[in-house]
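Next up, my_file18.pdb (PDB, C-alpha atoms):
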MODEL        1
ATOM      1  CA  MET A1243      21.888 176.758  62.415
ATOM      2  CA  ILE A1244      24.364 176.452  65.277
ATOM      3  CA  PHE A1245      27.572 178.442  64.750
ATOM      4  CA  VAL A1246      30.722 177.177  66.441
ATOM      5  CA  THR A1247      33.859 179.294  66.759
ATOM      6  CA  VAL A1248      37.213 178.953  68.487
ATOM      7  CA  GLY A1249      38.502 182.431  67.655
ATOM      8  CA  SER A1250      41.170 183.687  65.301
ATOM      9  CA  ARG A1251      44.315 182.918  67.279
ATOM     10  CA  LEU A1252      44.472 179.265  68.452
ATOM     11  CA  PRO A1253      42.775 175.890  67.750
ATOM     12  CA  PHE A1254      40.536 174.289  70.366
ATOM     13  CA  ASP A1255      40.134 170.644  69.387
ATOM     14  CA  ARG A1256      38.549 169.578  72.681
ATOM     15  CA  LEU A1257      35.566 171.786  71.869
ATOM     16  CA  ILE A1258      35.433 171.045  68.116
ATOM     17  CA  LYS A1259      35.616 167.259  68.544
ATOM     18  CA  THR A1260      32.851 167.288  71.162
ATOM     19  CA  VAL A1261      30.538 169.366  68.979
ATOM     20  CA  ASP A1262      31.324 167.107  65.982
ATOM     21  CA  LYS A1263      30.313 164.129  68.107
ATOM     22  CA  TRP A1264      27.073 165.874  69.084
ATOM     23  CA  ALA A1265      26.401 166.763  65.437
ATOM     24  CA  SER A1266      26.769 163.076  64.483
ATOM     25  CA  LEU A1267      23.906 162.291  66.863
ATOM     26  CA  HIS A1268      21.772 165.164  65.525
ATOM     27  CA  PRO A1269      21.854 165.070  61.727
ATOM     28  CA  GLU A1270      18.691 167.182  61.655
ATOM     29  CA  GLU A1271      20.630 170.163  63.018
ATOM     30  CA  LYS A1272      22.764 172.301  60.712
ATOM     31  CA  VAL A1273      26.083 173.097  62.385
ATOM     32  CA  PHE A1274      28.917 175.220  61.013
ATOM     33  CA  ALA A1275      32.298 175.549  62.727
ATOM     34  CA  GLN A1276      35.250 177.903  62.486
ATOM     35  CA  ILE A1277      37.916 175.486  63.682
ATOM     36  CA  GLY A1278      41.217 177.427  63.694
ATOM     37  CA  GLN A1279      44.630 176.089  62.574
ATOM     38  CA  THR A1280      44.244 172.398  63.378
ATOM     39  CA  ASP A1281      44.755 169.026  61.697
ATOM     40  CA  TYR A1282      41.393 167.746  62.920
ATOM     41  CA  GLN A1283      38.732 167.957  60.216
ATOM     42  CA  PRO A1284      35.124 167.629  61.438
ATOM     43  CA  VAL A1285      33.028 164.974  59.744
ATOM     44  CA  HIS A1286      29.482 165.865  60.779
ATOM     45  CA  MET A1287      29.422 169.638  60.390
ATOM     46  CA  GLY A1288      30.467 172.228  57.849
ATOM     47  CA  TRP A1289      33.715 173.986  58.708
ATOM     48  CA  ASP A1290      36.350 176.482  57.756
ATOM     49  CA  ILE A1291      39.673 177.255  59.365
ATOM     50  CA  ILE A1292      39.234 181.004  59.563
ATOM     51  CA  LEU A1293      36.502 183.454  58.570
ATOM     52  CA  THR A1294      36.709 187.095  57.583
ATOM     53  CA  PRO A1295      35.096 189.421  60.128
ATOM     54  CA  ARG A1296      32.162 190.016  57.784
ATOM     55  CA  VAL A1297      31.452 186.313  57.284
ATOM     56  CA  PHE A1298      31.927 185.726  61.004
ATOM     57  CA  GLU A1299      29.299 188.326  61.845
ATOM     58  CA  GLN A1300      27.002 186.927  59.173
ATOM     59  CA  LYS A1301      27.249 183.435  60.687
ATOM     60  CA  CYS A1302      26.474 184.899  64.112
ATOM     61  CA  VAL A1303      23.388 186.642  62.758
ATOM     62  CA  GLU A1304      22.182 183.511  60.949
ATOM     63  CA  SER A1305      22.633 181.252  63.963
ATOM     64  CA  ARG A1306      20.094 180.339  66.621
ATOM     65  CA  ALA A1307      22.948 180.021  69.113
ATOM     66  CA  ILE A1308      26.739 180.270  69.221
ATOM     67  CA  VAL A1309      29.023 177.643  70.737
ATOM     68  CA  ALA A1310      32.487 178.988  71.421
ATOM     69  CA  HIS A1311      35.624 179.286  73.478
ATOM     70  CA  ALA A1312      35.230 181.836  76.282
ATOM     71  CA  GLY A1313      36.867 184.588  74.245
ATOM     72  CA  MET A1314      35.776 188.186  74.793
ATOM     73  CA  GLY A1315      35.648 188.978  71.076
ATOM     74  CA  THR A1316      33.064 186.280  70.364
ATOM     75  CA  ILE A1317      31.109 186.999  73.526
ATOM     76  CA  LEU A1318      30.915 190.733  72.769
ATOM     77  CA  ILE A1319      29.907 190.213  69.131
ATOM     78  CA  ALA A1320      27.280 187.659  70.173
ATOM     79  CA  ALA A1321      25.890 190.105  72.730
ATOM     80  CA  GLU A1322      25.794 192.900  70.135
ATOM     81  CA  LYS A1323      23.842 190.553  67.812
ATOM     82  CA  GLY A1324      21.518 189.388  70.596
ATOM     83  CA  LYS A1325      22.621 185.753  70.363
ATOM     84  CA  ARG A1326      22.816 183.246  73.208
ATOM     85  CA  VAL A1327      26.247 181.689  73.754
ATOM     86  CA  LEU A1328      27.383 178.342  75.135
ATOM     87  CA  ALA A1329      31.051 178.804  76.017
ATOM     88  CA  MET A1330      33.831 176.563  77.277
ATOM     89  CA  PRO A1331      36.985 178.237  78.690
ATOM     90  CA  ARG A1332      40.365 177.214  77.302
ATOM     91  CA  ARG A1333      42.814 175.674  79.758
ATOM     92  CA  ALA A1334      46.539 176.418  79.834
ATOM     93  CA  ASP A1335      47.363 172.973  81.310
ATOM     94  CA  MET A1336      45.910 171.413  78.160
ATOM     95  CA  GLY A1337      47.910 173.697  75.870
ATOM     96  CA  GLU A1338      44.752 175.511  74.774
ATOM     97  CA  HIS A1339      46.026 178.970  75.719
ATOM     98  CA  VAL A1340      49.123 180.627  77.176
ATOM     99  CA  ASN A1341      47.358 181.320  80.477
ATOM    100  CA  ASP A1342      44.077 180.620  82.285
ATOM    101  CA  HIS A1343      42.458 184.013  81.893
ATOM    102  CA  GLN A1344      39.412 182.441  80.180
ATOM    103  CA  LEU A1345      38.906 180.198  83.219
ATOM    104  CA  GLU A1346      39.426 183.193  85.503
ATOM    105  CA  CYS A1347      36.858 185.177  83.530
ATOM    106  CA  ALA A1348      34.332 182.380  83.576
ATOM    107  CA  THR A1349      32.999 183.069  87.071
ATOM    108  CA  TRP A1350      32.113 186.620  86.077
ATOM    109  CA  LEU A1351      30.936 185.651  82.589
ATOM    110  CA  ALA A1352      28.580 183.011  84.001
ATOM    111  CA  LEU A1353      26.561 185.789  85.672
ATOM    112  CA  ARG A1354      25.705 187.397  82.365
ATOM    113  CA  LYS A1355      22.312 186.739  80.826
ATOM    114  CA  GLY A1356      22.445 184.957  77.496
ATOM    115  CA  LEU A1357      25.661 183.109  78.298
ATOM    116  CA  LYS A1358      26.178 179.629  79.737
ATOM    117  CA  ILE A1359      29.628 178.408  80.727
ATOM    118  CA  VAL A1360      30.551 174.718  80.583
ATOM    119  CA  TYR A1361      33.823 173.282  81.789
ATOM    120  CA  ASP A1362      34.186 169.851  80.186
ATOM    121  CA  GLU A1363      33.010 167.699  77.311
ATOM    122  CA  HIS A1364      30.156 166.163  79.279
ATOM    123  CA  GLU A1365      28.745 169.558  80.261
ATOM    124  CA  LEU A1366      29.213 170.753  76.690
ATOM    125  CA  LEU A1367      27.125 167.888  75.310
ATOM    126  CA  GLU A1368      24.419 168.589  77.882
ATOM    127  CA  GLY A1369      24.537 172.272  77.027
ATOM    128  CA  LEU A1370      24.142 171.547  73.316
ATOM    129  CA  ASP A1371      21.000 169.523  74.086
ATOM    130  CA  ALA A1372      19.566 172.495  75.994
ATOM    131  CA  LEU A1373      20.628 175.522  73.921
ATOM    132  CA  ASP A1374      17.115 176.948  73.839
ATOM    133  CA  HIS A1375      17.048 176.988  77.642
ATOM    134  CA  ILE A1376      19.713 179.694  77.699
ATOM    135  CA  PRO A1377      17.817 182.977  78.153
ATOM    136  CA  SER A1378      18.265 185.487  75.358
ATOM    137  CA  PRO A1379      20.714 188.237  76.260
ATOM    138  CA  ASP A1380      19.568 191.721  77.180
ATOM    139  CA  ILE A1381      19.745 194.375  74.487
ATOM    140  CA  PHE A1382      23.392 195.368  74.158
ATOM    141  CA  SER A1383      24.622 198.678  72.828
ATOM    142  CA  LEU A1384      27.232 198.903  70.085
ATOM    143  CA  SER A1385      29.582 201.061  72.104
ATOM    144  CA  ALA A1386      30.953 201.348  75.602
ATOM    145  CA  ARG A1387      28.986 203.161  78.283
ATOM    146  CA  SER A1388      29.586 206.839  78.680
ATOM    147  CA  PRO A1389      31.920 206.942  81.757
ATOM    148  CA  LEU A1390      34.798 205.268  79.936
ATOM    149  CA  ILE A1391      34.073 207.086  76.680
ATOM    150  CA  GLN A1392      33.994 210.379  78.543
ATOM    151  CA  LYS A1393      37.239 209.659  80.376
ATOM    152  CA  LEU A1394      38.982 208.815  77.123
ATOM    153  CA  THR A1395      37.501 211.811  75.298
ATOM    154  CA  ASN A1396      38.607 214.206  78.035
ATOM    155  CA  PHE A1397      42.141 212.809  77.895
ATOM    156  CA  LEU A1398      42.294 213.019  74.094
ATOM    157  CA  LEU A1399      41.063 216.634  74.126
ATOM    158  CA  LYS A1400      43.297 217.473  77.096
ATOM    159  CA  ARG A1401      40.274 218.330  79.229
ATOM    160  CA  ASP A1402      41.411 216.091  82.131
TER     161      ASP A1402
ATOM    162  CA  MET B1034      59.320 216.253  71.463
ATOM    163  CA  LEU B1035      61.113 215.095  68.342
ATOM    164  CA  TYR B1036      58.438 216.613  66.142
ATOM    165  CA  CYS B1037      55.889 219.415  66.282
ATOM    166  CA  ASN B1038      52.288 219.173  65.139
ATOM    167  CA  HIS B1039      51.140 222.661  66.105
ATOM    168  CA  GLY B1040      48.730 221.358  68.742
ATOM    169  CA  GLN B1041      46.711 219.131  66.415
ATOM    170  CA  ILE B1042      45.391 215.909  67.942
ATOM    171  CA  LYS B1043      46.471 212.860  66.004
ATOM    172  CA  ILE B1044      45.614 209.456  67.422
ATOM    173  CA  LEU B1045      47.075 206.041  66.735
ATOM    174  CA  ALA B1046      44.786 203.322  68.127
ATOM    175  CA  VAL B1047      46.313 199.853  68.461
ATOM    176  CA  ALA B1048      44.804 196.513  69.410
ATOM    177  CA  SER B1049      45.585 192.845  68.833
ATOM    178  CA  SER B1050      43.107 190.867  66.766
ATOM    179  CA  GLY B1051      40.097 189.212  68.359
ATOM    180  CA  GLY B1052      38.710 190.459  71.657
ATOM    181  CA  HIS B1053      41.117 193.399  71.947
ATOM    182  CA  TRP B1054      39.960 194.748  68.555
ATOM    183  CA  VAL B1055      36.284 194.234  69.385
ATOM    184  CA  GLN B1056      36.799 196.270  72.584
ATOM    185  CA  LEU B1057      38.597 199.028  70.643
ATOM    186  CA  LYS B1058      35.629 199.263  68.272
ATOM    187  CA  ARG B1059      33.375 199.912  71.263
ATOM    188  CA  LEU B1060      35.447 203.027  72.006
ATOM    189  CA  PHE B1061      34.888 204.608  68.571
ATOM    190  CA  PRO B1062      32.578 207.368  69.932
ATOM    191  CA  ALA B1063      35.621 208.810  71.746
ATOM    192  CA  PHE B1064      37.354 209.348  68.382
ATOM    193  CA  THR B1065      34.492 211.254  66.747
ATOM    194  CA  GLY B1066      35.754 214.189  64.720
ATOM    195  CA  LEU B1067      39.412 213.423  65.448
ATOM    196  CA  ASP B1068      42.253 212.339  63.193
ATOM    197  CA  VAL B1069      42.763 208.681  64.004
ATOM    198  CA  SER B1070      44.515 205.746  62.351
ATOM    199  CA  PHE B1071      44.503 202.133  63.420
ATOM    200  CA  VAL B1072      46.826 199.156  63.832
ATOM    201  CA  SER B1073      46.027 195.460  64.212
ATOM    202  CA  GLU B1074      47.115 192.057  62.930
ATOM    203  CA  ASN B1075      44.150 191.235  60.674
ATOM    204  CA  ALA B1076      44.060 193.091  57.343
ATOM    205  CA  HIS B1077      40.294 192.564  57.085
ATOM    206  CA  TYR B1078      39.756 194.922  60.026
ATOM    207  CA  ALA B1079      40.436 197.808  57.635
ATOM    208  CA  GLU B1080      36.779 197.505  56.613
ATOM    209  CA  ASP B1081      35.729 198.304  60.183
ATOM    210  CA  VAL B1082      37.475 201.689  60.134
ATOM    211  CA  LYS B1083      36.960 202.961  56.595
ATOM    212  CA  PRO B1084      37.840 205.656  55.533
ATOM    213  CA  TYR B1085      40.500 205.969  58.234
ATOM    214  CA  ARG B1086      44.003 204.624  57.684
ATOM    215  CA  PHE B1087      44.642 201.083  58.825
ATOM    216  CA  TYR B1088      47.991 199.317  59.190
ATOM    217  CA  THR B1089      48.451 195.558  59.390
ATOM    218  CA  VAL B1090      51.290 194.249  61.537
ATOM    219  CA  THR B1091      52.638 190.772  62.025
ATOM    220  CA  ASN B1092      51.115 188.445  64.611
ATOM    221  CA  ALA B1093      53.616 187.774  67.394
ATOM    222  CA  THR B1094      53.296 186.230  70.844
ATOM    223  CA  ARG B1095      55.758 186.725  73.674
ATOM    224  CA  HIS B1096      57.531 183.451  72.756
ATOM    225  CA  GLU B1097      58.253 184.291  69.102
ATOM    226  CA  LYS B1098      61.448 186.359  69.197
ATOM    227  CA  ILE B1099      61.879 186.897  65.435
ATOM    228  CA  ALA B1100      58.232 187.848  64.969
ATOM    229  CA  LEU B1101      58.471 190.281  67.886
ATOM    230  CA  ILE B1102      61.472 191.975  66.302
ATOM    231  CA  VAL B1103      59.615 192.268  62.988
ATOM    232  CA  LEU B1104      56.581 193.654  64.816
ATOM    233  CA  PHE B1105      58.730 196.217  66.609
ATOM    234  CA  LEU B1106      60.315 197.418  63.359
ATOM    235  CA  GLN B1107      56.918 197.624  61.642
ATOM    236  CA  LEU B1108      55.583 199.789  64.463
ATOM    237  CA  ILE B1109      58.594 202.106  64.363
ATOM    238  CA  ALA B1110      57.890 202.664  60.657
ATOM    239  CA  ILE B1111      54.190 203.308  61.341
ATOM    240  CA  LEU B1112      54.771 205.727  64.188
ATOM    241  CA  VAL B1113      57.464 207.676  62.334
ATOM    242  CA  ARG B1114      55.091 207.954  59.385
ATOM    243  CA  GLU B1115      51.983 208.869  61.398
ATOM    244  CA  ARG B1116      53.635 210.934  64.146
ATOM    245  CA  PRO B1117      50.670 210.563  66.517
ATOM    246  CA  THR B1118      50.262 212.913  69.447
ATOM    247  CA  VAL B1119      48.362 210.210  71.334
ATOM    248  CA  VAL B1120      48.779 206.434  71.259
ATOM    249  CA  VAL B1121      45.747 204.487  72.530
ATOM    250  CA  SER B1122      46.498 200.850  73.259
ATOM    251  CA  LEU B1123      44.117 198.021  74.047
ATOM    252  CA  GLY B1124      47.014 195.515  74.190
ATOM    253  CA  SER B1125      48.693 193.249  73.778
ATOM    254  CA  ALA B1126      52.159 193.027  72.114
ATOM    255  CA  PRO B1127      51.489 195.501  69.257
ATOM    256  CA  GLY B1128      49.858 197.849  71.736
ATOM    257  CA  TYR B1129      52.806 197.632  74.105
ATOM    258  CA  PHE B1130      55.424 198.346  71.458
ATOM    259  CA  ALA B1131      53.373 201.154  69.920
ATOM    260  CA  LEU B1132      52.964 202.757  73.334
ATOM    261  CA  ARG B1133      56.686 202.559  74.145
ATOM    262  CA  ILE B1134      57.723 203.896  70.738
ATOM    263  CA  GLY B1135      55.063 206.595  70.936
ATOM    264  CA  LYS B1136      56.207 207.718  74.373
ATOM    265  CA  TRP B1137      59.814 207.848  73.118
ATOM    266  CA  LEU B1138      58.664 210.072  70.229
ATOM    267  CA  GLY B1139      56.863 212.396  72.629
ATOM    268  CA  ALA B1140      53.265 211.207  72.354
ATOM    269  CA  ARG B1141      50.792 211.002  75.231
ATOM    270  CA  THR B1142      49.783 207.430  75.909
ATOM    271  CA  VAL B1143      46.691 205.493  76.980
ATOM    272  CA  TRP B1144      46.548 201.844  78.038
ATOM    273  CA  ILE B1145      43.153 200.198  78.533
ATOM    274  CA  ASP B1146      43.601 196.654  79.806
ATOM    275  CA  SER B1147      41.283 194.029  78.358
ATOM    276  CA  ILE B1148      38.038 193.348  80.200
ATOM    277  CA  ALA B1149      38.993 189.668  80.006
ATOM    278  CA  ASN B1150      41.705 190.271  82.619
ATOM    279  CA  VAL B1151      39.503 189.899  85.669
ATOM    280  CA  GLN B1152      41.901 188.607  88.301
ATOM    281  CA  HIS B1153      45.000 190.619  87.443
ATOM    282  CA  ILE B1154      46.160 193.105  84.858
ATOM    283  CA  SER B1155      47.909 191.651  81.808
ATOM    284  CA  LEU B1156      51.669 191.219  81.597
ATOM    285  CA  SER B1157      51.923 193.768  78.778
ATOM    286  CA  GLY B1158      49.704 196.134  80.787
ATOM    287  CA  ARG B1159      52.020 195.861  83.792
ATOM    288  CA  LEU B1160      55.079 196.505  81.606
ATOM    289  CA  ALA B1161      53.403 199.476  79.918
ATOM    290  CA  GLY B1162      52.352 201.166  83.168
ATOM    291  CA  PRO B1163      55.416 203.341  83.786
ATOM    292  CA  TYR B1164      55.175 204.735  80.228
ATOM    293  CA  THR B1165      51.433 205.371  80.275
ATOM    294  CA  ASP B1166      49.766 208.712  80.949
ATOM    295  CA  LEU B1167      46.256 207.277  81.279
ATOM    296  CA  TRP B1168      46.581 203.744  82.639
ATOM    297  CA  LEU B1169      43.259 201.949  82.979
ATOM    298  CA  THR B1170      41.908 198.629  84.116
ATOM    299  CA  GLN B1171      38.273 197.714  83.491
ATOM    300  CA  TRP B1172      37.827 196.214  86.970
ATOM    301  CA  PRO B1173      37.478 198.313  90.112
ATOM    302  CA  HIS B1174      39.165 195.678  92.294
ATOM    303  CA  LEU B1175      42.319 195.857  90.150
ATOM    304  CA  ALA B1176      42.688 199.627  90.517
ATOM    305  CA  ARG B1177      45.633 200.861  92.578
ATOM    306  CA  PRO B1178      46.529 204.293  94.049
ATOM    307  CA  ASP B1179      49.326 204.778  91.492
ATOM    308  CA  GLY B1180      47.523 203.012  88.672
ATOM    309  CA  PRO B1181      46.053 201.341  86.905
ATOM    310  CA  TYR B1182      42.862 203.340  87.502
ATOM    311  CA  TYR B1183      39.262 202.354  86.950
ATOM    312  CA  ALA B1184      37.064 204.597  84.816
ATOM    313  CA  GLY B1185      34.428 202.188  83.518
ATOM    314  CA  GLN B1186      34.139 199.261  81.138
ATOM    315  CA  ILE B1187      33.666 198.739  77.423
ATOM    316  CA  LEU B1188      30.434 196.828  78.145
TER     317      LEU B1188
ENDMDL
END

What is this file in structure tokens?
Amino acid sequence: MIFVTVGSRLPFDRLIKTVDKWASLHPEEKVFAQIGQTDYQPVHMGWDIILTPRVFEQKCVESRAIVAHAGMGTILIAAEKGKRVLAMPRRADMGEHVNDHQLECATWLALRKGLKIVYDEHELLEGLDALDHIPSPDIFSLSARSPLIQKLTNFLLKRD
Amino acid sequence: MLYCNHGQIKILAVASSGGHWVQLKRLFPAFTGLDVSFVSENAHYAEDVKPYRFYTVTNATRHEKIALIVLFLQLIAILVRERPTVVVSLGSAPGYFALRIGKWLGARTVWIDSIANVQHISLSGRLAGPYTDLWLTQWPHLARPDGPYYAGQIL
């Protein structure tokens, strides 16, 4: 199953419509999308507007790959679950976000194993055809590395 | 200080829904053994922090004036009730208001800017800086002599 998500805060029709188009050409593939608050209803894949965190994590675990906006929440959860991600950054000039921080992040995100960044509908369709070519991510811990944890702990306990 | 807690550490950890909350969860080891309660915009996140107290606040962006006022009033009520000695904020709007209210009530404050802010610190992070005791960015190139400082990442 391919799990598609646009996050809990804003719709992302450019991504959803492209994946729906791809799904129409691949009826053999099960695709499920969390589509956000939008009037567009996908025709060729299962969908829901919003998912509880538990169901969201369950869909991630069940999937063979995740297709998403370039949101840090999704990317972190996918990494924690060991799932490869195909991500397209939102663009402020298209009204997809209030700023371009997802685009700004993309250069750094693209370096991470298990994550492929695409920038337009054409690249997204190509990426969907080649999901299995994305290397699996490295094993990812469930908490931050010790330097930041230690810094925060010392501050909380007034040891700084 | 408007209140006294006899030296006990009491933390209020605040993060917007989505990526901010996921990053806050990765900091849980820092809260081990401490009294901590949580604030976010998605009521379902309460499951992530059981049995600790969780408060749901309204979702408000910088452009929604009425929602921001409601959010501010909700956070005043939470902070007066909880009386934290430390406010830990992962952003954005709820974290900013909680930090400002907390500082006004005498709490120590922490701001950890989202790892998604690679090219510059967030607007709410910049506004929070002067009221923050531990002001952190997760990117070394964004660190400055007077803050924000770099002390690692949630990765």

Listing only residues of region 1074-1093 of chain B within 10 Å of region 1285-1307 of chain A, what is the closest atom pair and its distance in Å (to one decimal) for each, using only C-alpha atoms, sorted by chain and residue number ascending, as a Markdown table?
| residue | atom | partner | partner_atom | distance |
| --- | --- | --- | --- | --- |
| B:Asn1075 | CA | A:Thr1294 | CA | 9.1 |
| B:Ala1076 | CA | A:Thr1294 | CA | 9.5 |
| B:His1077 | CA | A:Thr1294 | CA | 6.6 |
| B:Tyr1078 | CA | A:Pro1295 | CA | 7.2 |
| B:Glu1080 | CA | A:Arg1296 | CA | 8.9 |
| B:Asp1081 | CA | A:Pro1295 | CA | 8.9 |

**Asked** Closest to chain B among A:Ile1359, A:Val1327, A:Ala1321, A:Ala1352, using only C-alpha atoms?
**Response**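 Answer, going by the shortest atom-to-atom distance: A:Ala1321.
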
Using all atoms listed in the file, find which residues of chain A lie within 6 Å of chain B and jot them down as a JSON list (two decimals) with C-alpha atoms, in the frame of the given file.
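Once written, selection-v5.json looks like this:
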[["chain", "number", "residue", "atom", "x", "y", "z"],
["A", 1314, "MET", "CA", 35.78, 188.19, 74.79],
["A", 1315, "GLY", "CA", 35.65, 188.98, 71.08],
["A", 1347, "CYS", "CA", 36.86, 185.18, 83.53],
["A", 1385, "SER", "CA", 29.58, 201.06, 72.10],
["A", 1386, "ALA", "CA", 30.95, 201.35, 75.60],
["A", 1389, "PRO", "CA", 31.92, 206.94, 81.76],
["A", 1390, "LEU", "CA", 34.80, 205.27, 79.94],
["A", 1391, "ILE", "CA", 34.07, 207.09, 76.68],
["A", 1395, "THR", "CA", 37.50, 211.81, 75.30]]

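Atom to atom, CA of Val1113 (chain B) and CA of Ile1154 (chain B) stand 29.1 Å apart.
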
Please provide as a short mmCIF file (atom, residue, chain, number, x, y, z; two decimals) with C-alpha atoms, in the frame of the given file all residues within 9 Å of Gly1356 (chain A), with the sequence filter that same-chain residues fewer than 4 positions apart are discarded (counting all atoms listed in the file).
data_model
loop_
_atom_site.label_atom_id
_atom_site.label_comp_id
_atom_site.auth_asym_id
_atom_site.auth_seq_id
_atom_site.Cartn_x
_atom_site.Cartn_y
_atom_site.Cartn_z
CA ALA A 1321 25.89 190.10 72.73
CA GLY A 1324 21.52 189.39 70.60
CA LYS A 1325 22.62 185.75 70.36
CA ARG A 1326 22.82 183.25 73.21
CA VAL A 1327 26.25 181.69 73.75
CA LEU A 1328 27.38 178.34 75.14
CA ILE A 1376 19.71 179.69 77.70
CA PRO A 1377 17.82 182.98 78.15
CA SER A 1378 18.26 185.49 75.36
CA PRO A 1379 20.71 188.24 76.26
CA ASP A 1380 19.57 191.72 77.18
#

Saving region 1087-1102 of chain B with N, CA, C and O atoms, as a short mmCIF file (atom, residue, chain, number, x, y, z; two decimals), in the first residue's frame, what would that file be?
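Final output, selection39.cif:
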data_model
loop_
_atom_site.label_atom_id
_atom_site.label_comp_id
_atom_site.auth_asym_id
_atom_site.auth_seq_id
_atom_site.Cartn_x
_atom_site.Cartn_y
_atom_site.Cartn_z
N PHE B 1087 -2.60 17.01 29.77
CA PHE B 1087 -2.52 17.56 28.42
C PHE B 1087 -3.63 18.57 28.24
O PHE B 1087 -4.77 18.33 28.62
N TYR B 1088 -3.30 19.73 27.67
CA TYR B 1088 -4.28 20.77 27.40
C TYR B 1088 -4.37 21.02 25.90
O TYR B 1088 -3.33 21.16 25.24
N THR B 1089 -5.60 21.11 25.40
CA THR B 1089 -5.81 21.42 23.99
C THR B 1089 -6.12 22.91 23.86
O THR B 1089 -6.98 23.43 24.58
N VAL B 1090 -5.44 23.57 22.93
CA VAL B 1090 -5.72 24.98 22.68
C VAL B 1090 -6.16 25.15 21.23
O VAL B 1090 -5.98 24.25 20.41
N THR B 1091 -6.73 26.32 20.95
CA THR B 1091 -7.26 26.54 19.62
C THR B 1091 -6.12 26.72 18.62
O THR B 1091 -5.03 27.18 18.95
N ASN B 1092 -6.40 26.35 17.38
CA ASN B 1092 -5.44 26.47 16.29
C ASN B 1092 -5.51 27.90 15.75
O ASN B 1092 -6.58 28.34 15.36
N ALA B 1093 -4.40 28.62 15.76
CA ALA B 1093 -4.44 30.00 15.28
C ALA B 1093 -3.15 30.33 14.53
O ALA B 1093 -2.06 30.08 15.03
N THR B 1094 -3.28 30.89 13.35
CA THR B 1094 -2.09 31.36 12.63
C THR B 1094 -1.96 32.86 12.87
O THR B 1094 -2.87 33.50 13.40
N ARG B 1095 -0.85 33.41 12.41
CA ARG B 1095 -0.57 34.82 12.66
C ARG B 1095 -1.61 35.74 12.02
O ARG B 1095 -1.69 36.91 12.37
N HIS B 1096 -2.40 35.25 11.07
CA HIS B 1096 -3.35 36.11 10.35
C HIS B 1096 -4.74 36.07 10.96
O HIS B 1096 -5.63 36.79 10.50
N GLU B 1097 -4.96 35.22 11.96
CA GLU B 1097 -6.31 35.04 12.51
C GLU B 1097 -6.40 35.73 13.86
O GLU B 1097 -6.18 35.12 14.91
N LYS B 1098 -6.78 37.00 13.86
CA LYS B 1098 -6.71 37.83 15.06
C LYS B 1098 -7.59 37.30 16.20
O LYS B 1098 -7.16 37.23 17.35
N ILE B 1099 -8.84 36.94 15.87
CA ILE B 1099 -9.76 36.46 16.92
C ILE B 1099 -9.23 35.17 17.53
O ILE B 1099 -9.19 35.01 18.76
N ALA B 1100 -8.79 34.26 16.67
CA ALA B 1100 -8.28 32.98 17.16
C ALA B 1100 -7.04 33.18 18.03
O ALA B 1100 -6.85 32.49 19.03
N LEU B 1101 -6.22 34.15 17.66
CA LEU B 1101 -5.01 34.43 18.46
C LEU B 1101 -5.39 34.95 19.84
O LEU B 1101 -4.75 34.60 20.84
N ILE B 1102 -6.42 35.78 19.89
CA ILE B 1102 -6.86 36.30 21.19
C ILE B 1102 -7.39 35.15 22.06
O ILE B 1102 -7.09 35.05 23.25
#
